[in-house]
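Trainee: For reference, the file coords25.cif (mmCIF, C-alpha atoms, pLDDT in the B column; chains and numbers go by the auth columns) is included below:
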data_coords
#
loop_
_atom_site.group_PDB
_atom_site.id
_atom_site.type_symbol
_atom_site.label_atom_id
_atom_site.label_comp_id
_atom_site.label_asym_id
_atom_site.label_seq_id
_atom_site.Cartn_x
_atom_site.Cartn_y
_atom_site.Cartn_z
_atom_site.B_iso_or_equiv
_atom_site.auth_seq_id
_atom_site.auth_asym_id
ATOM 1 C CA MET A 1 -1.718 7.738 -10.158 91.00 196 A
ATOM 2 C CA THR A 2 -3.835 7.681 -7.059 95.00 197 A
ATOM 3 C CA TRP A 3 -5.390 5.121 -4.765 94.00 198 A
ATOM 4 C CA ALA A 4 -9.035 4.138 -4.917 94.00 199 A
ATOM 5 C CA THR A 5 -11.425 1.551 -3.527 93.00 200 A
ATOM 6 C CA ILE A 6 -11.479 -1.402 -5.938 91.00 201 A
ATOM 7 C CA PRO A 7 -14.633 -3.572 -5.805 90.00 202 A
ATOM 8 C CA GLY A 8 -13.851 -6.990 -4.346 84.00 203 A
ATOM 9 C CA LYS A 9 -10.276 -6.019 -3.458 87.00 204 A
ATOM 10 C CA GLY A 10 -10.220 -3.089 -1.041 87.00 205 A
ATOM 11 C CA ARG A 11 -7.696 -0.405 -1.892 92.00 206 A
ATOM 12 C CA GLY A 12 -5.689 -0.309 -5.094 94.00 207 A
ATOM 13 C CA VAL A 13 -3.818 2.045 -7.389 97.00 208 A
ATOM 14 C CA VAL A 14 -5.362 3.539 -10.531 97.00 209 A
ATOM 15 C CA ALA A 15 -3.901 5.630 -13.332 97.00 210 A
ATOM 16 C CA VAL A 16 -4.925 9.294 -13.330 97.00 211 A
ATOM 17 C CA ASP A 17 -3.538 9.887 -16.837 97.00 212 A
ATOM 18 C CA ASP A 18 -2.902 7.697 -19.871 98.00 213 A
ATOM 19 C CA CYS A 19 0.649 6.351 -19.978 96.00 214 A
ATOM 20 C CA ALA A 20 2.629 4.519 -22.626 98.00 215 A
ATOM 21 C CA ALA A 21 4.331 1.147 -22.239 98.00 216 A
ATOM 22 C CA GLY A 22 7.750 1.581 -20.628 98.00 217 A
ATOM 23 C CA THR A 23 6.725 4.651 -18.610 97.00 218 A
ATOM 24 C CA GLU A 24 7.918 4.842 -15.002 97.00 219 A
ATOM 25 C CA VAL A 25 4.674 5.480 -13.118 96.00 220 A
ATOM 26 C CA GLU A 26 6.245 5.595 -9.647 97.00 221 A
ATOM 27 C CA ARG A 27 9.679 5.611 -8.022 97.00 222 A
ATOM 28 C CA ALA A 28 9.492 4.940 -4.312 96.00 223 A
ATOM 29 C CA PRO A 29 12.020 4.475 -1.510 97.00 224 A
ATOM 30 C CA VAL A 30 12.292 1.109 0.212 96.00 225 A
ATOM 31 C CA ILE A 31 13.403 -0.136 3.619 94.00 226 A
ATOM 32 C CA VAL A 32 15.688 -3.174 3.313 93.00 227 A
ATOM 33 C CA VAL A 33 14.683 -6.079 5.581 90.00 228 A
ATOM 34 C CA PRO A 34 17.231 -8.860 6.158 90.00 229 A
ATOM 35 C CA ALA A 35 15.580 -12.289 6.071 85.00 230 A
ATOM 36 C CA SER A 36 17.460 -13.072 9.301 87.00 231 A
ATOM 37 C CA ASP A 37 15.310 -10.440 11.062 87.00 232 A
ATOM 38 C CA LEU A 38 12.092 -12.346 10.304 83.00 233 A
ATOM 39 C CA ILE A 39 10.471 -14.636 12.831 82.00 234 A
ATOM 40 C CA PHE A 40 8.833 -17.558 11.078 77.00 235 A
ATOM 41 C CA ARG A 41 5.749 -19.207 12.546 80.00 236 A
ATOM 42 C CA ASP A 42 3.043 -21.580 11.404 85.00 237 A
ATOM 43 C CA GLY A 43 -0.275 -20.277 10.134 82.00 238 A
ATOM 44 C CA ASP A 44 -1.321 -17.356 7.998 80.00 239 A
ATOM 45 C CA PRO A 45 1.248 -14.674 7.195 74.00 240 A
ATOM 46 C CA THR A 46 1.366 -11.659 9.478 79.00 241 A
ATOM 47 C CA VAL A 47 0.304 -8.276 8.120 78.00 242 A
ATOM 48 C CA LEU A 48 3.952 -7.247 7.783 79.00 243 A
ATOM 49 C CA GLU A 49 4.894 -10.483 5.969 78.00 244 A
ATOM 50 C CA GLN A 50 2.188 -9.741 3.399 75.00 245 A
ATOM 51 C CA TYR A 51 3.909 -6.474 2.515 81.00 246 A
ATOM 52 C CA LEU A 52 7.487 -7.639 1.975 87.00 247 A
ATOM 53 C CA LEU A 53 8.953 -7.593 -1.530 87.00 248 A
ATOM 54 C CA TYR A 54 11.974 -9.359 -3.013 87.00 249 A
ATOM 55 C CA TRP A 55 14.965 -7.013 -3.008 90.00 250 A
ATOM 56 C CA SER A 56 18.223 -8.887 -3.614 87.00 251 A
ATOM 57 C CA ASP A 57 20.061 -12.208 -3.431 85.00 252 A
ATOM 58 C CA GLU A 58 22.694 -10.434 -1.348 86.00 253 A
ATOM 59 C CA PRO A 59 22.769 -11.879 2.198 84.00 254 A
ATOM 60 C CA GLY A 60 21.355 -9.385 4.686 82.00 255 A
ATOM 61 C CA ALA A 61 19.396 -7.496 2.019 82.00 256 A
ATOM 62 C CA GLU A 62 16.962 -10.102 0.710 89.00 257 A
ATOM 63 C CA LEU A 63 13.630 -8.342 1.239 90.00 258 A
ATOM 64 C CA CYS A 64 12.266 -4.834 1.428 92.00 259 A
ATOM 65 C CA MET A 65 9.201 -2.918 2.506 93.00 260 A
ATOM 66 C CA GLY A 66 8.135 -0.358 -0.052 93.00 261 A
ATOM 67 C CA GLU A 67 7.065 3.153 0.733 94.00 262 A
ATOM 68 C CA GLY A 68 4.939 5.432 -1.424 94.00 263 A
ATOM 69 C CA MET A 69 2.117 3.431 -3.020 95.00 264 A
ATOM 70 C CA LEU A 70 4.209 0.278 -3.578 93.00 265 A
ATOM 71 C CA MET A 71 2.230 -1.692 -1.020 90.00 266 A
ATOM 72 C CA MET A 72 -1.149 -0.783 -2.485 92.00 267 A
ATOM 73 C CA TYR A 73 -0.806 -2.360 -5.953 94.00 268 A
ATOM 74 C CA ASN A 74 -3.041 -5.423 -6.274 88.00 269 A
ATOM 75 C CA HIS A 75 -2.206 -8.787 -7.831 87.00 270 A
ATOM 76 C CA SER A 76 -3.195 -9.996 -11.267 87.00 271 A
ATOM 77 C CA PRO A 77 -2.010 -12.948 -13.326 90.00 272 A
ATOM 78 C CA THR A 78 -2.276 -10.537 -16.291 92.00 273 A
ATOM 79 C CA PRO A 79 -0.301 -7.539 -14.998 95.00 274 A
ATOM 80 C CA ASN A 80 0.009 -4.137 -16.629 97.00 275 A
ATOM 81 C CA ILE A 81 2.989 -3.018 -14.490 97.00 276 A
ATOM 82 C CA GLU A 82 6.149 -4.547 -13.049 96.00 277 A
ATOM 83 C CA PHE A 83 8.572 -3.544 -10.299 94.00 278 A
ATOM 84 C CA HIS A 84 12.268 -2.878 -10.917 94.00 279 A
ATOM 85 C CA THR A 85 15.020 -2.388 -8.335 92.00 280 A
ATOM 86 C CA GLY A 86 16.489 1.123 -8.630 90.00 281 A
ATOM 87 C CA PRO A 87 17.596 3.111 -10.502 93.00 282 A
ATOM 88 C CA ASP A 88 18.466 5.181 -7.432 95.00 283 A
ATOM 89 C CA PRO A 89 19.905 3.427 -4.365 94.00 284 A
ATOM 90 C CA LEU A 90 17.199 1.993 -2.099 95.00 285 A
ATOM 91 C CA THR A 91 14.386 2.722 -4.539 97.00 286 A
ATOM 92 C CA MET A 92 12.001 0.650 -6.610 95.00 287 A
ATOM 93 C CA SER A 93 10.450 1.766 -9.901 97.00 288 A
ATOM 94 C CA VAL A 94 7.026 0.793 -11.206 97.00 289 A
ATOM 95 C CA ILE A 95 7.074 0.423 -15.005 97.00 290 A
ATOM 96 C CA ALA A 96 4.077 0.147 -17.366 98.00 291 A
ATOM 97 C CA LEU A 97 4.202 -3.129 -19.329 98.00 292 A
ATOM 98 C CA ARG A 98 1.724 -1.874 -21.927 98.00 293 A
ATOM 99 C CA ASP A 99 -0.232 1.283 -22.691 98.00 294 A
ATOM 100 C CA ILE A 100 -2.517 2.131 -19.757 98.00 295 A
ATOM 101 C CA VAL A 101 -5.591 4.362 -19.902 98.00 296 A
ATOM 102 C CA ALA A 102 -6.689 6.835 -17.235 97.00 297 A
ATOM 103 C CA GLY A 103 -8.910 5.154 -14.643 96.00 298 A
ATOM 104 C CA GLU A 104 -7.402 1.685 -15.157 97.00 299 A
ATOM 105 C CA GLU A 105 -6.235 -0.233 -12.096 96.00 300 A
ATOM 106 C CA LEU A 106 -2.464 -0.780 -12.005 97.00 301 A
ATOM 107 C CA VAL A 107 -1.721 -4.421 -11.093 94.00 302 A
ATOM 108 C CA TYR A 108 1.309 -6.702 -11.021 91.00 303 A
ATOM 109 C CA ASP A 109 1.929 -10.422 -10.656 90.00 304 A
ATOM 110 C CA TYR A 110 2.971 -11.136 -7.057 79.00 305 A
ATOM 111 C CA ASP A 111 4.929 -14.157 -8.407 74.00 306 A
ATOM 112 C CA CYS A 112 4.469 -16.172 -5.224 59.00 307 A
ATOM 113 C CA GLU A 113 2.011 -18.561 -3.633 63.00 308 A
ATOM 114 C CA LEU A 114 -1.069 -16.464 -2.918 57.00 309 A
ATOM 115 C CA TRP A 115 -2.429 -16.338 0.634 54.00 310 A
ATOM 116 C CA PHE A 116 -5.861 -15.122 -0.533 56.00 311 A
ATOM 117 C CA GLU A 117 -8.464 -16.139 -3.079 67.00 312 A
ATOM 118 C CA LEU A 118 -8.746 -14.179 -6.299 65.00 313 A
ATOM 119 C CA GLN A 119 -12.065 -12.425 -6.766 62.00 314 A
ATOM 120 C CA SER A 120 -13.644 -13.932 -9.883 54.00 315 A
ATOM 121 C CA ASN A 121 -15.775 -10.803 -10.426 47.00 316 A
ATOM 122 C CA SER A 122 -12.689 -8.631 -10.797 48.00 317 A
ATOM 123 C CA PRO A 123 -11.478 -7.846 -14.334 49.00 318 A
ATOM 124 C CA THR A 124 -7.868 -8.247 -13.183 46.00 319 A
ATOM 125 C CA ALA A 125 -8.291 -11.455 -11.176 45.00 320 A
#
Any chance you could put this one into structure tokens?

Mentor:
Amino acid sequence: MTWATIPGKGRGVVAVDDCAAGTEVERAPVIVVPASDLIFRDGDPTVLEQYLLYWSDEPGAELCMGEGMLMMYNHSPTPNIEFHTGPDPLTMSVIALRDIVAGEELVYDYDCELWFELQSNSPTA
């Protein structure tokens, strides 16, 4: 996989090679962020808030910031990848939900209230 400019979205991640459903396409380290460390305010989310992922229900380890390309995957209500915690400590794996062809954008469902409008001209919007 590599990153590329995606029309209507900015940067995103695309497959370099074909991969089968169930394939781990990335394993990246994460930085755990306790929810108690966040400062909540009214208005649009900060840049950092936009890049936090769910990590655990364990108090003090609720969120994380992904490294590698984790923060560059775009949203789609019809995802072709999903994120899994682990398998190594403090890592997250990106798993193909279906067969993916080289050149295809890798997208997942953010599963939260979106803070942006989906681009209707995008095939993954």

Trainee: Atom CA of Ala223 of chain A and atom CA of Pro274 of chain A, how far apart in Å?

Mentor: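 A separation of 19.1 Å between them.
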
Trainee: Taking all atoms of segment 240-259 of chain A that appear in the file, build a box with edges along x, y and z, extend it by 6 Å on every side, and state its centre and edge lengths in Å to one decimal, as AutoDock Vina command-line options.

Mentor:
--center_x 11.5 --center_y -9.8 --center_z 2.9 --size_x 34.5 --size_y 21.8 --size_z 25.1

Trainee: Name the closest residue to Thr280 of chain A among the candidates A:Met196, A:Val211, A:Val225, A:Leu243; distances are taken between atoms, counting all atoms listed in the file.

Mentor: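 Smallest separation from Thr280 of chain A among the options: A:Val225.
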
Trainee: Using only C-alpha atoms, determine which residues lie at most 9 Å from Ala215 of chain A, disregarding the query and same-chain residues fewer than 2 positions distant; provide the list as a short mmCIF file (atom, residue, chain, number, x, y, z; two decimals) with C-alpha atoms, in the coordinates of the input.

Mentor:
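out_21.cif written:
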data_model
loop_
_atom_site.label_atom_id
_atom_site.label_comp_id
_atom_site.auth_asym_id
_atom_site.auth_seq_id
_atom_site.Cartn_x
_atom_site.Cartn_y
_atom_site.Cartn_z
CA ASP A 213 -2.90 7.70 -19.87
CA GLY A 217 7.75 1.58 -20.63
CA THR A 218 6.72 4.65 -18.61
CA ALA A 291 4.08 0.15 -17.37
CA LEU A 292 4.20 -3.13 -19.33
CA ARG A 293 1.72 -1.87 -21.93
CA ASP A 294 -0.23 1.28 -22.69
CA ILE A 295 -2.52 2.13 -19.76
CA VAL A 296 -5.59 4.36 -19.90
#

Trainee: Counting all atoms listed in the file, which residue out of A:Ala216, A:Cys259, A:Val242, A:Leu233 sits closest to Leu285 of chain A?

Mentor: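 Counting all atoms listed in the file, the residue closest to Leu285 of chain A is A:Cys259.
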
Trainee: I'd like the residues picked by the PyMOL selection byres ((chain A and resi 266) around 10) written out as a ChimeraX atom specification, using the chain letters and numbers from the file.

Mentor: /A:207-208,245-248,260-265,267-269

Trainee: Write out as a PDB file with C-alpha atoms, keeping the file's coordinate frame which residues come within 7 Å of Ser288 of chain A when counting only C-alpha atoms, dropping same-chain ones fewer than 5 positions away.

Mentor:
ATOM      1  CA  GLU A 219       7.918   4.842 -15.002  1.00 97.00           C
ATOM      2  CA  GLU A 221       6.245   5.595  -9.647  1.00 97.00           C
ATOM      3  CA  ARG A 222       9.679   5.611  -8.022  1.00 97.00           C
ATOM      4  CA  ALA A 223       9.492   4.940  -4.312  1.00 96.00           C
ATOM      5  CA  PHE A 278       8.572  -3.544 -10.299  1.00 94.00           C
ATOM      6  CA  HIS A 279      12.268  -2.878 -10.917  1.00 94.00           C
ATOM      7  CA  THR A 280      15.020  -2.388  -8.335  1.00 92.00           C
ATOM      8  CA  GLY A 281      16.489   1.123  -8.630  1.00 90.00           C
TER       9      GLY A 281
END

Trainee: What separation in Å, quoted to one decimal, exists between atom CA of Lys204 of chain A and atom CA of Leu258 of chain A?

Mentor: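 Calculated distance between atom CA of Lys204 of chain A and atom CA of Leu258 of chain A is 24.5 Å.
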
Trainee: Excluding Ile234 of chain A and any residue of its chain fewer than 3 positions from it, enumerate the residues within 10 Å of it, using all atoms listed in the file, and give them as an NGL selection string.

Mentor: :A and (230-231 or 244)

Trainee: Can you give me, as number ranges by chain, the residues this file yields under the PyMOL selection byres ((chain A and resi 210) around 6)?

Mentor: A: 196, 209, 211-212, 297-299

Trainee: So how many Å separate atom CA of Thr286 of chain A and atom CA of Trp250 of chain A, to one decimal?

Mentor: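 These atoms are spaced 9.9 Å apart.
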
Trainee: Have a look at A:Gly255, A:Pro282, A:Pro272, A:Pro202 and name the one nearest to Asp232 of chain A; count all atoms listed in the file.

Mentor: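 Nearest candidate to Asp232 of chain A out of A:Gly255, A:Pro282, A:Pro272, A:Pro202: A:Gly255.
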
Trainee: Rank nothing, just name the residue among A:Gly205, A:Val220, A:Ile226, A:Gly238 nearest to Leu301 of chain A, using only C-alpha atoms.

Mentor: A:Val220

Trainee: Could N, CA and C atoms be built for segment 199-212 of chain A and written out as an mmCIF file, in the coordinates of the input?

Mentor:
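This is the output file result_33.cif:
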data_model
loop_
_atom_site.group_PDB
_atom_site.id
_atom_site.type_symbol
_atom_site.label_atom_id
_atom_site.label_comp_id
_atom_site.auth_asym_id
_atom_site.auth_seq_id
_atom_site.Cartn_x
_atom_site.Cartn_y
_atom_site.Cartn_z
ATOM 1 N N ALA A 199 -7.572 4.145 -4.861
ATOM 2 C CA ALA A 199 -9.035 4.138 -4.917
ATOM 3 C C ALA A 199 -9.530 2.837 -4.305
ATOM 4 N N THR A 200 -10.812 2.795 -3.971
ATOM 5 C CA THR A 200 -11.425 1.551 -3.527
ATOM 6 C C THR A 200 -11.766 0.737 -4.768
ATOM 7 N N ILE A 201 -11.276 -0.505 -4.802
ATOM 8 C CA ILE A 201 -11.479 -1.402 -5.938
ATOM 9 C C ILE A 201 -12.496 -2.462 -5.513
ATOM 10 N N PRO A 202 -13.628 -2.575 -6.187
ATOM 11 C CA PRO A 202 -14.633 -3.572 -5.805
ATOM 12 C C PRO A 202 -14.041 -4.978 -5.699
ATOM 13 N N GLY A 203 -14.321 -5.639 -4.575
ATOM 14 C CA GLY A 203 -13.851 -6.990 -4.346
ATOM 15 C C GLY A 203 -12.412 -7.100 -3.895
ATOM 16 N N LYS A 204 -11.695 -5.970 -3.812
ATOM 17 C CA LYS A 204 -10.276 -6.019 -3.458
ATOM 18 C C LYS A 204 -9.896 -5.124 -2.289
ATOM 19 N N GLY A 205 -10.648 -4.095 -2.014
ATOM 20 C CA GLY A 205 -10.220 -3.089 -1.041
ATOM 21 C C GLY A 205 -9.547 -1.954 -1.777
ATOM 22 N N ARG A 206 -8.416 -1.508 -1.248
ATOM 23 C CA ARG A 206 -7.696 -0.405 -1.892
ATOM 24 C C ARG A 206 -6.836 -0.908 -3.035
ATOM 25 N N GLY A 207 -6.576 -0.020 -3.977
ATOM 26 C CA GLY A 207 -5.689 -0.309 -5.094
ATOM 27 C C GLY A 207 -5.224 0.987 -5.711
ATOM 28 N N VAL A 208 -4.387 0.875 -6.715
ATOM 29 C CA VAL A 208 -3.818 2.045 -7.389
ATOM 30 C C VAL A 208 -4.402 2.126 -8.797
ATOM 31 N N VAL A 209 -4.824 3.323 -9.186
ATOM 32 C CA VAL A 209 -5.362 3.539 -10.531
ATOM 33 C C VAL A 209 -4.608 4.679 -11.213
ATOM 34 N N ALA A 210 -4.556 4.591 -12.535
ATOM 35 C CA ALA A 210 -3.901 5.630 -13.332
ATOM 36 C C ALA A 210 -4.790 6.870 -13.384
ATOM 37 N N VAL A 211 -4.209 8.028 -13.202
ATOM 38 C CA VAL A 211 -4.925 9.294 -13.330
ATOM 39 C C VAL A 211 -4.873 9.762 -14.781
ATOM 40 N N ASP A 212 -3.749 9.499 -15.443
ATOM 41 C CA ASP A 212 -3.538 9.887 -16.837
ATOM 42 C C ASP A 212 -3.214 8.645 -17.662
#
